[in-house]
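Inspection log for the structure reproduced underneath, given as structure tokens.
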Amino acid sequence: MSSDRPARVKRSKIEIKPHFLPVEERGLNFNEVNLGYINEQEVIDEAERCLSCKKPRCEMACPTGFSVPKMLLAIKEGDMQKAADVVNDYFCTPSSQNRICPAFCQDACVVGRRGDAINILNVKRYLSDNYVKPASFYERQPLTHKRIAVIGSGPGGLTAAHELARLGHDVTIFERSTLGGMLAVGIPEYRLKNSLLHAEIKDLEKLDIKFELGESFGKDYTHKDLFEQGYSAVVIAIGAHKPKFMNIPGSELKGSIHAIEYLRHVAQGKDVDIGKRAIVIGGGDVAIDAVRVSRRMGVESEIVYRRSLEEMPATKEEIHATIEEKIPINFLTNPVEIIGDGEKVTHVKLVKMELGEPDESGRRRPSPIEGSEYIMEVNTVIHAISQEPDVDDVRNDFELTRWNTFTTKDEDSFETSVAGVFAVGDTVSGPKTAVEAISHAKKAVIEIDNYLNSQVPVESDIATNM
Ligand code: SF4
């Protein structure tokens with residue numbers, strides 16, 4: 001019996017696996033671990049598995065709304081350059097972003113319900129690594145001669161700078177420390193090579209974006225100084241770099257350090273001696289980065305996390321790599337005291353935990369099991385529970401929340417309590433992912449552009465445009 005229906009295409013439920021550096025070759029080095037796809041056919045085969053959904057959950061799950069189906073469809077149609085353009089036009093540092101994104105899109109992909117989700121991130125990565133950026137990446141609308149100061153060069157700051165420059169504004173990025181912000185000092189080399197990140201940042205100079213390095217916002221200059229220097233708007237994207245320590249006895253001891261400081265010192269090539277044994281407290285990507293970096297530095301280190309594997313907030317791939325590298329993760333365990341010899345850390349007291357009813361975050365609340373305390377000998381305790389924006393030097397200039405983030409005019413606005421000063425990324429949301437900071441920045445740019453267009457032109461602007 002014949003049928004007019006088109007034959008159903010049978011698609012594989014199993015993903016084409018990207019390549020990884022074998023575990024035995026990782027050892028005491030910082031060589032890149034995820035090598036991605038290494039030939040085009042792998043990428044085409046993986047894209048072929050996509051169902052081209054009418055209501056693409058992948059796109060809806062991405063905080064930036066990146067058009068995954070458009071990219072995959074172009075591959076399926078045999079136009080790799082077009083697919084690459086979709087990625088490379090959208091992100092200001094695409095190859096870097098495609099190495100560190102938690103890929104919310106993949107978690108949401110419908111194919112993942114009955115098999116492996118489409119490996120969207122590694123498809124994107126192959127395209128950004130192997131195809132040049134389209135001309136549109138560098139194209140700028142007619143110059144407005146409006147100067148914008150972007151403070152901070154992490155993903156939020158870079159995205160705001162790129163988008164504002166494309167709109168024709170004259171952008172300068174101010175960075176007090178290392179270009180790339182948290183991407184440069186918080187992400188280890190085995191996940192994102194600094195040379196790659198810096199090459200992508202350098203490329204932004206083609207849009208006449210300028211960089212001012214070394215001075216600290218609030219300490220060396222203020223938003224008022226910037227306005228006096230002729231800037232029309234200021235974008236604060238200083239991230240959340242200030243460490244938050246666990247409030248337990250002994251946290252003040254020498255050898256009780258924060259993961260962010262540890263990762264920064266290692267990234268900057270500083271001499272960091274944390275002894276022979278360390279524990280890292282936390283279950284997020286920062287904790288995973290700290291433990292994997294310390295292992296590569298020859299330290300016997302392990303993670304303690306108060307909940308179970310199911311609730312661990314770190315990216316699945318990072319957790320998998322940690323387990324693969326045989327790094328112990330002590331689930332349902334929490335430190336209660338850091339013990340020292342009067343000066344530095346010598347031990348940590350831990351307690352076993354059990355999970356109860358879900359708390360306000362929706363995750364089951366852990367509580368200590370009475371009498372389960374035990375002591376572990378360590379030289380260093382690395383806190384990786386959280387960070388917050390470092391706002392000590394601007395506290396008197398802006399309204400802040402109790403979490404030390406900047407308040408904005410309303411939920412949908414990015415304008416701070418000071419007119420013409422906008423805030424994006426972790427500075428407003430508290431510590432989140434790079435892709436969330438990018439999403440913030442893309443939305444903020446629309447508001448900033450509207451603000452600039454609403455400004456009455458000053459005489460010098462009129463003269464310049466005549
Ligand atoms: Fe393709 Fe999955 Fe997105 Fe559907 S949800 S369009 S299958 S990537």
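Within each chain, counting starts at residue 1; across the structure tokens, chains are named A, B, ... in the order shown, with ligands numbered 1 upward in that order.
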When you look at Met60 in chain A with a cut-off of 12 Å (counting only C-alpha atoms), what residues show up, excluding the ones that are within fewer than 2 positions of it in the same chain? I need them as a compact mmCIF listing (two decimals) with all heavy atoms, in the first residue's frame.
```
# COMPACT_ATOMS: atom_id res chain seq x y z
N CYS A 53 12.66 21.83 15.39
CA CYS A 53 11.37 22.01 16.09
C CYS A 53 10.74 23.37 15.75
O CYS A 53 11.44 24.37 15.61
CB CYS A 53 11.58 21.98 17.60
SG CYS A 53 12.47 20.55 18.18
N LYS A 54 9.39 23.35 15.66
CA LYS A 54 8.68 24.62 15.40
C LYS A 54 8.75 25.53 16.61
O LYS A 54 8.82 26.74 16.49
CB LYS A 54 7.21 24.32 15.06
CG LYS A 54 7.05 23.75 13.66
CD LYS A 54 5.71 24.18 13.07
CE LYS A 54 5.54 23.74 11.64
NZ LYS A 54 5.27 22.29 11.52
N LYS A 55 8.69 24.92 17.80
CA LYS A 55 8.86 25.69 19.03
C LYS A 55 10.15 25.22 19.69
O LYS A 55 10.13 24.34 20.55
CB LYS A 55 7.68 25.47 19.98
CG LYS A 55 6.43 26.16 19.53
CD LYS A 55 5.37 26.05 20.60
CE LYS A 55 4.08 26.70 20.09
NZ LYS A 55 2.94 26.29 20.89
N PRO A 56 11.27 25.78 19.25
CA PRO A 56 12.56 25.23 19.69
C PRO A 56 12.87 25.53 21.16
O PRO A 56 13.10 26.67 21.54
CB PRO A 56 13.57 25.93 18.78
CG PRO A 56 12.88 27.14 18.27
CD PRO A 56 11.41 26.91 18.34
N ARG A 57 12.85 24.47 21.95
CA ARG A 57 13.12 24.62 23.38
C ARG A 57 14.55 25.08 23.62
O ARG A 57 14.84 25.76 24.60
CB ARG A 57 12.89 23.29 24.10
CG ARG A 57 11.43 22.94 24.21
CD ARG A 57 11.25 21.52 24.71
NE ARG A 57 9.84 21.22 24.79
CZ ARG A 57 9.09 21.43 25.87
NH1 ARG A 57 9.64 21.92 26.96
NH2 ARG A 57 7.82 21.15 25.86
N CYS A 58 15.45 24.67 22.73
CA CYS A 58 16.86 25.05 22.88
C CYS A 58 16.99 26.57 22.87
O CYS A 58 17.63 27.16 23.74
CB CYS A 58 17.68 24.44 21.73
SG CYS A 58 16.97 24.77 20.11
N CYS A 62 18.02 29.37 26.04
CA CYS A 62 19.24 30.19 26.05
C CYS A 62 18.89 31.59 26.57
O CYS A 62 17.99 32.23 26.02
CB CYS A 62 19.84 30.29 24.65
SG CYS A 62 21.27 31.41 24.62
N PRO A 63 19.58 32.08 27.60
CA PRO A 63 19.26 33.41 28.13
C PRO A 63 19.34 34.50 27.06
O PRO A 63 18.65 35.51 27.14
CB PRO A 63 20.31 33.63 29.22
CG PRO A 63 20.75 32.27 29.60
CD PRO A 63 20.64 31.42 28.37
N THR A 64 20.19 34.29 26.05
CA THR A 64 20.32 35.30 25.00
C THR A 64 19.34 35.06 23.85
O THR A 64 19.25 35.87 22.94
CB THR A 64 21.75 35.31 24.38
OG1 THR A 64 21.90 34.14 23.58
CG2 THR A 64 22.83 35.36 25.43
N GLY A 65 18.65 33.90 23.87
CA GLY A 65 17.74 33.58 22.76
C GLY A 65 18.48 33.25 21.48
O GLY A 65 17.94 33.42 20.38
N PHE A 66 19.71 32.76 21.59
CA PHE A 66 20.49 32.44 20.39
C PHE A 66 19.74 31.44 19.51
O PHE A 66 19.21 30.44 19.99
CB PHE A 66 21.86 31.85 20.79
CG PHE A 66 22.63 31.34 19.62
CD1 PHE A 66 23.18 32.22 18.69
CD2 PHE A 66 22.79 29.97 19.40
CE1 PHE A 66 23.87 31.75 17.58
CE2 PHE A 66 23.48 29.50 18.30
CZ PHE A 66 24.02 30.39 17.39
N SER A 67 19.75 31.71 18.19
CA SER A 67 18.95 30.90 17.28
C SER A 67 19.65 29.61 16.89
O SER A 67 20.26 29.51 15.82
CB SER A 67 18.59 31.72 16.03
OG SER A 67 17.76 30.92 15.23
N VAL A 68 19.55 28.62 17.77
CA VAL A 68 20.17 27.31 17.52
C VAL A 68 19.62 26.68 16.24
O VAL A 68 20.39 26.23 15.38
CB VAL A 68 19.95 26.38 18.73
CG1 VAL A 68 20.52 24.99 18.46
CG2 VAL A 68 20.55 26.97 19.99
N PRO A 69 18.27 26.64 16.05
CA PRO A 69 17.75 25.96 14.85
C PRO A 69 18.24 26.59 13.55
O PRO A 69 18.49 25.88 12.58
CB PRO A 69 16.23 26.12 14.99
CG PRO A 69 15.99 26.39 16.42
CD PRO A 69 17.19 27.11 16.92
N ALA A 103 25.57 25.73 28.35
CA ALA A 103 24.70 25.13 27.32
C ALA A 103 23.32 24.76 27.86
O ALA A 103 22.91 23.59 27.82
CB ALA A 103 25.38 23.93 26.67
N PHE A 104 22.60 25.76 28.35
CA PHE A 104 21.22 25.54 28.80
C PHE A 104 20.39 25.00 27.63
O PHE A 104 19.41 24.29 27.81
CB PHE A 104 20.60 26.84 29.31
CG PHE A 104 21.32 27.42 30.51
CD1 PHE A 104 21.79 28.72 30.52
CD2 PHE A 104 21.50 26.65 31.65
CE1 PHE A 104 22.43 29.25 31.62
CE2 PHE A 104 22.14 27.17 32.77
CZ PHE A 104 22.61 28.47 32.76
N CYS A 105 20.79 25.39 26.40
CA CYS A 105 20.09 24.94 25.19
C CYS A 105 20.09 23.41 25.11
O CYS A 105 19.07 22.80 24.80
CB CYS A 105 20.75 25.54 23.95
SG CYS A 105 22.53 25.26 23.87
N GLN A 106 21.23 22.81 25.39
CA GLN A 106 21.34 21.35 25.30
C GLN A 106 20.48 20.67 26.34
O GLN A 106 19.84 19.65 26.07
CB GLN A 106 22.80 20.93 25.50
CG GLN A 106 23.55 20.83 24.21
CD GLN A 106 25.02 20.61 24.40
OE1 GLN A 106 25.79 21.37 23.86
NE2 GLN A 106 25.43 19.61 25.14
N ASP A 107 20.47 21.24 27.55
CA ASP A 107 19.65 20.65 28.62
C ASP A 107 18.18 20.64 28.22
O ASP A 107 17.41 19.79 28.66
CB ASP A 107 19.81 21.45 29.93
CG ASP A 107 21.19 21.28 30.52
OD1 ASP A 107 21.88 20.33 30.12
OD2 ASP A 107 21.60 22.11 31.36
N ALA A 108 17.77 21.62 27.40
CA ALA A 108 16.35 21.74 27.03
C ALA A 108 16.00 21.01 25.75
O ALA A 108 14.82 20.83 25.45
CB ALA A 108 16.01 23.23 26.87
N CYS A 109 16.99 20.57 24.98
CA CYS A 109 16.74 19.96 23.66
C CYS A 109 15.83 18.73 23.78
O CYS A 109 16.08 17.83 24.60
CB CYS A 109 18.08 19.58 23.03
SG CYS A 109 17.91 18.58 21.56
N VAL A 110 14.78 18.69 22.96
CA VAL A 110 13.80 17.60 23.06
C VAL A 110 14.40 16.23 22.74
O VAL A 110 13.94 15.21 23.26
CB VAL A 110 12.57 17.81 22.13
CG1 VAL A 110 11.65 18.84 22.68
CG2 VAL A 110 12.98 18.12 20.72
```
Determine, counting only C-alpha atoms, which protein, DNA and RNA residues have an atom within 12 Å of an atom of Asp273 in chain A; residues of the same chain fewer than 6 positions away are not included. Present the result as a VMD selection string. chain A and resid 254 to 255 257 262 265 to 266 294 297 to 299 379 to 380
What parts of range 368-404 of chain A does DSSP call strand (DSSP E)? I'd like the answer as a ChimeraX atom specification. /A:368,374-377,380-383,386-388
Could you dump the residues just selected with C-alpha atoms as a PDB file, in the first residue's frame?
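Now in again.pdb:
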```
ATOM      1  CA  PRO A 368      23.701  17.783  59.824  1.00  0.00           C
ATOM      2  CA  TYR A 374      35.091  13.765  61.873  1.00  0.00           C
ATOM      3  CA  ILE A 375      38.421  15.502  61.408  1.00  0.00           C
ATOM      4  CA  MET A 376      40.544  15.647  58.271  1.00  0.00           C
ATOM      5  CA  GLU A 377      44.158  16.816  58.086  1.00  0.00           C
ATOM      6  CA  THR A 380      44.431  24.658  53.025  1.00  0.00           C
ATOM      7  CA  VAL A 381      40.683  25.180  52.961  1.00  0.00           C
ATOM      8  CA  ILE A 382      39.473  26.756  49.717  1.00  0.00           C
ATOM      9  CA  HIS A 383      36.075  28.451  49.975  1.00  0.00           C
ATOM     10  CA  SER A 386      29.976  32.460  46.498  1.00  0.00           C
ATOM     11  CA  GLN A 387      31.199  35.915  45.513  1.00  0.00           C
ATOM     12  CA  GLU A 388      29.652  39.355  45.301  1.00  0.00           C
TER      13      GLU A 388
END
```
Select from range 11-125 of chain A everything DSSP, run on the backbone, classes as alpha helix (DSSP H), then give the selection as an NGL selection string. :A and (40-48 or 57-61 or 68-76 or 80-90 or 94-100 or 104-108 or 120-125)
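Rounded to one decimal, CA of Thr401 in chain A and CA of Asn247 in chain A lie 20.6 Å from each other.
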Using only C-alpha atoms, the residue out of A:Glu24, A:Asp393, A:Glu15, A:Glu215 with shortest distance to Ala117 in chain A is A:Glu15
Write out as a PyMOL selection string the residues lying within 8 Å of Ile260 in chain A, counting only C-alpha atoms and excluding same-chain residues fewer than 5 positions away. chain A and resi 186+241+243+286+384
May I have the residues from that selection written out with N, CA, C and O atoms, as a PDB file, in the first residue's frame?
```
ATOM      1  N   GLY A 186      39.421  33.658  36.098  1.00  0.00           N
ATOM      2  CA  GLY A 186      38.610  32.684  36.832  1.00  0.00           C
ATOM      3  C   GLY A 186      38.469  31.351  36.129  1.00  0.00           C
ATOM      4  O   GLY A 186      38.085  30.359  36.740  1.00  0.00           O
ATOM      5  N   HIS A 241      33.591  39.838  41.948  1.00  0.00           N
ATOM      6  CA  HIS A 241      34.928  39.286  42.230  1.00  0.00           C
ATOM      7  C   HIS A 241      35.263  39.245  43.713  1.00  0.00           C
ATOM      8  O   HIS A 241      36.330  38.794  44.090  1.00  0.00           O
ATOM      9  N   PRO A 243      35.368  37.868  47.279  1.00  0.00           N
ATOM     10  CA  PRO A 243      35.113  36.551  47.872  1.00  0.00           C
ATOM     11  C   PRO A 243      34.145  36.593  49.046  1.00  0.00           C
ATOM     12  O   PRO A 243      34.154  37.548  49.824  1.00  0.00           O
ATOM     13  N   VAL A 286      33.044  27.043  40.072  1.00  0.00           N
ATOM     14  CA  VAL A 286      34.245  27.640  40.681  1.00  0.00           C
ATOM     15  C   VAL A 286      34.937  26.597  41.568  1.00  0.00           C
ATOM     16  O   VAL A 286      36.171  26.473  41.567  1.00  0.00           O
ATOM     17  N   ALA A 384      34.596  28.066  48.098  1.00  0.00           N
ATOM     18  CA  ALA A 384      34.048  28.333  46.757  1.00  0.00           C
ATOM     19  C   ALA A 384      32.536  28.344  46.855  1.00  0.00           C
ATOM     20  O   ALA A 384      31.841  27.710  46.061  1.00  0.00           O
TER      21      ALA A 384
END
```
For CA of Ala434 in chain A and CA of Arg140 in chain A, the interatomic separation in Å (one decimal):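 So the two atoms, CA of Ala434 in chain A and CA of Arg140 in chain A, lie 24.6 Å apart.
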So that I can check the surroundings of Asn194 in chain A, please list as a PyMOL selection string every protein, DNA and RNA residue that reaches within 10 Å of it, counting only C-alpha atoms and ignoring chain neighbours fewer than 6 positions away. chain A and resi 96+179-180+183-185+187-188+200+267
Those same residues, written as a PDB file, in the first residue's frame with all heavy atoms?
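The resulting file, again_17.pdb, is reproduced below:
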```pdb
ATOM      1  N   SER A  96      35.721  31.729  22.598  1.00  0.00           N
ATOM      2  CA  SER A  96      35.869  31.650  24.062  1.00  0.00           C
ATOM      3  C   SER A  96      34.547  31.231  24.684  1.00  0.00           C
ATOM      4  O   SER A  96      34.488  30.314  25.514  1.00  0.00           O
ATOM      5  CB  SER A  96      36.300  33.004  24.630  1.00  0.00           C
ATOM      6  OG  SER A  96      37.510  33.403  24.055  1.00  0.00           O
ATOM      7  N   LEU A 179      42.563  41.994  31.262  1.00  0.00           N
ATOM      8  CA  LEU A 179      41.538  42.032  30.210  1.00  0.00           C
ATOM      9  C   LEU A 179      40.833  40.680  30.098  1.00  0.00           C
ATOM     10  O   LEU A 179      41.485  39.632  30.081  1.00  0.00           O
ATOM     11  CB  LEU A 179      42.188  42.338  28.859  1.00  0.00           C
ATOM     12  CG  LEU A 179      42.246  43.794  28.413  1.00  0.00           C
ATOM     13  CD1 LEU A 179      42.800  43.876  27.009  1.00  0.00           C
ATOM     14  CD2 LEU A 179      40.898  44.483  28.504  1.00  0.00           C
ATOM     15  N   GLY A 180      39.512  40.733  30.049  1.00  0.00           N
ATOM     16  CA  GLY A 180      38.735  39.489  29.983  1.00  0.00           C
ATOM     17  C   GLY A 180      38.035  39.203  31.303  1.00  0.00           C
ATOM     18  O   GLY A 180      37.178  38.331  31.376  1.00  0.00           O
ATOM     19  N   LEU A 183      36.682  35.757  32.808  1.00  0.00           N
ATOM     20  CA  LEU A 183      37.048  34.767  31.786  1.00  0.00           C
ATOM     21  C   LEU A 183      38.551  34.526  31.804  1.00  0.00           C
ATOM     22  O   LEU A 183      39.028  33.418  31.559  1.00  0.00           O
ATOM     23  CB  LEU A 183      36.657  35.269  30.387  1.00  0.00           C
ATOM     24  CG  LEU A 183      35.172  35.466  30.085  1.00  0.00           C
ATOM     25  CD1 LEU A 183      35.002  35.992  28.672  1.00  0.00           C
ATOM     26  CD2 LEU A 183      34.407  34.159  30.236  1.00  0.00           C
ATOM     27  N   ALA A 184      39.312  35.601  32.106  1.00  0.00           N
ATOM     28  CA  ALA A 184      40.773  35.493  32.066  1.00  0.00           C
ATOM     29  C   ALA A 184      41.348  34.966  33.374  1.00  0.00           C
ATOM     30  O   ALA A 184      42.294  34.178  33.358  1.00  0.00           O
ATOM     31  CB  ALA A 184      41.381  36.855  31.752  1.00  0.00           C
ATOM     32  N   VAL A 185      40.788  35.405  34.498  1.00  0.00           N
ATOM     33  CA  VAL A 185      41.402  35.038  35.780  1.00  0.00           C
ATOM     34  C   VAL A 185      40.625  33.962  36.536  1.00  0.00           C
ATOM     35  O   VAL A 185      41.125  33.414  37.515  1.00  0.00           O
ATOM     36  CB  VAL A 185      41.587  36.275  36.694  1.00  0.00           C
ATOM     37  CG1 VAL A 185      42.564  37.260  36.080  1.00  0.00           C
ATOM     38  CG2 VAL A 185      40.256  36.937  37.015  1.00  0.00           C
ATOM     39  N   ILE A 187      38.737  31.319  34.823  1.00  0.00           N
ATOM     40  CA  ILE A 187      38.574  30.059  34.066  1.00  0.00           C
ATOM     41  C   ILE A 187      39.968  29.504  33.770  1.00  0.00           C
ATOM     42  O   ILE A 187      40.787  30.181  33.151  1.00  0.00           O
ATOM     43  CB  ILE A 187      37.842  30.313  32.719  1.00  0.00           C
ATOM     44  CG1 ILE A 187      36.553  31.104  32.949  1.00  0.00           C
ATOM     45  CG2 ILE A 187      37.612  29.000  31.973  1.00  0.00           C
ATOM     46  CD1 ILE A 187      35.310  30.341  33.156  1.00  0.00           C
ATOM     47  N   PRO A 188      40.229  28.279  34.181  1.00  0.00           N
ATOM     48  CA  PRO A 188      41.578  27.717  33.981  1.00  0.00           C
ATOM     49  C   PRO A 188      41.918  27.512  32.505  1.00  0.00           C
ATOM     50  O   PRO A 188      41.033  27.327  31.671  1.00  0.00           O
ATOM     51  CB  PRO A 188      41.510  26.371  34.710  1.00  0.00           C
ATOM     52  CG  PRO A 188      40.286  26.413  35.551  1.00  0.00           C
ATOM     53  CD  PRO A 188      39.338  27.371  34.908  1.00  0.00           C
ATOM     54  N   GLU A 200      40.714  37.226  20.707  1.00  0.00           N
ATOM     55  CA  GLU A 200      39.328  37.628  20.409  1.00  0.00           C
ATOM     56  C   GLU A 200      39.040  39.043  20.930  1.00  0.00           C
ATOM     57  O   GLU A 200      38.327  39.809  20.289  1.00  0.00           O
ATOM     58  CB  GLU A 200      38.343  36.624  21.005  1.00  0.00           C
ATOM     59  CG  GLU A 200      38.394  35.280  20.286  1.00  0.00           C
ATOM     60  CD  GLU A 200      37.122  34.451  20.439  1.00  0.00           C
ATOM     61  OE1 GLU A 200      36.742  34.143  21.593  1.00  0.00           O
ATOM     62  OE2 GLU A 200      36.519  34.114  19.418  1.00  0.00           O
ATOM     63  N   ALA A 267      46.321  31.899  37.555  1.00  0.00           N
ATOM     64  CA  ALA A 267      46.204  32.423  36.177  1.00  0.00           C
ATOM     65  C   ALA A 267      47.251  33.499  35.918  1.00  0.00           C
ATOM     66  O   ALA A 267      47.751  33.629  34.797  1.00  0.00           O
ATOM     67  CB  ALA A 267      44.805  32.986  35.950  1.00  0.00           C
TER      68      ALA A 267
END
```
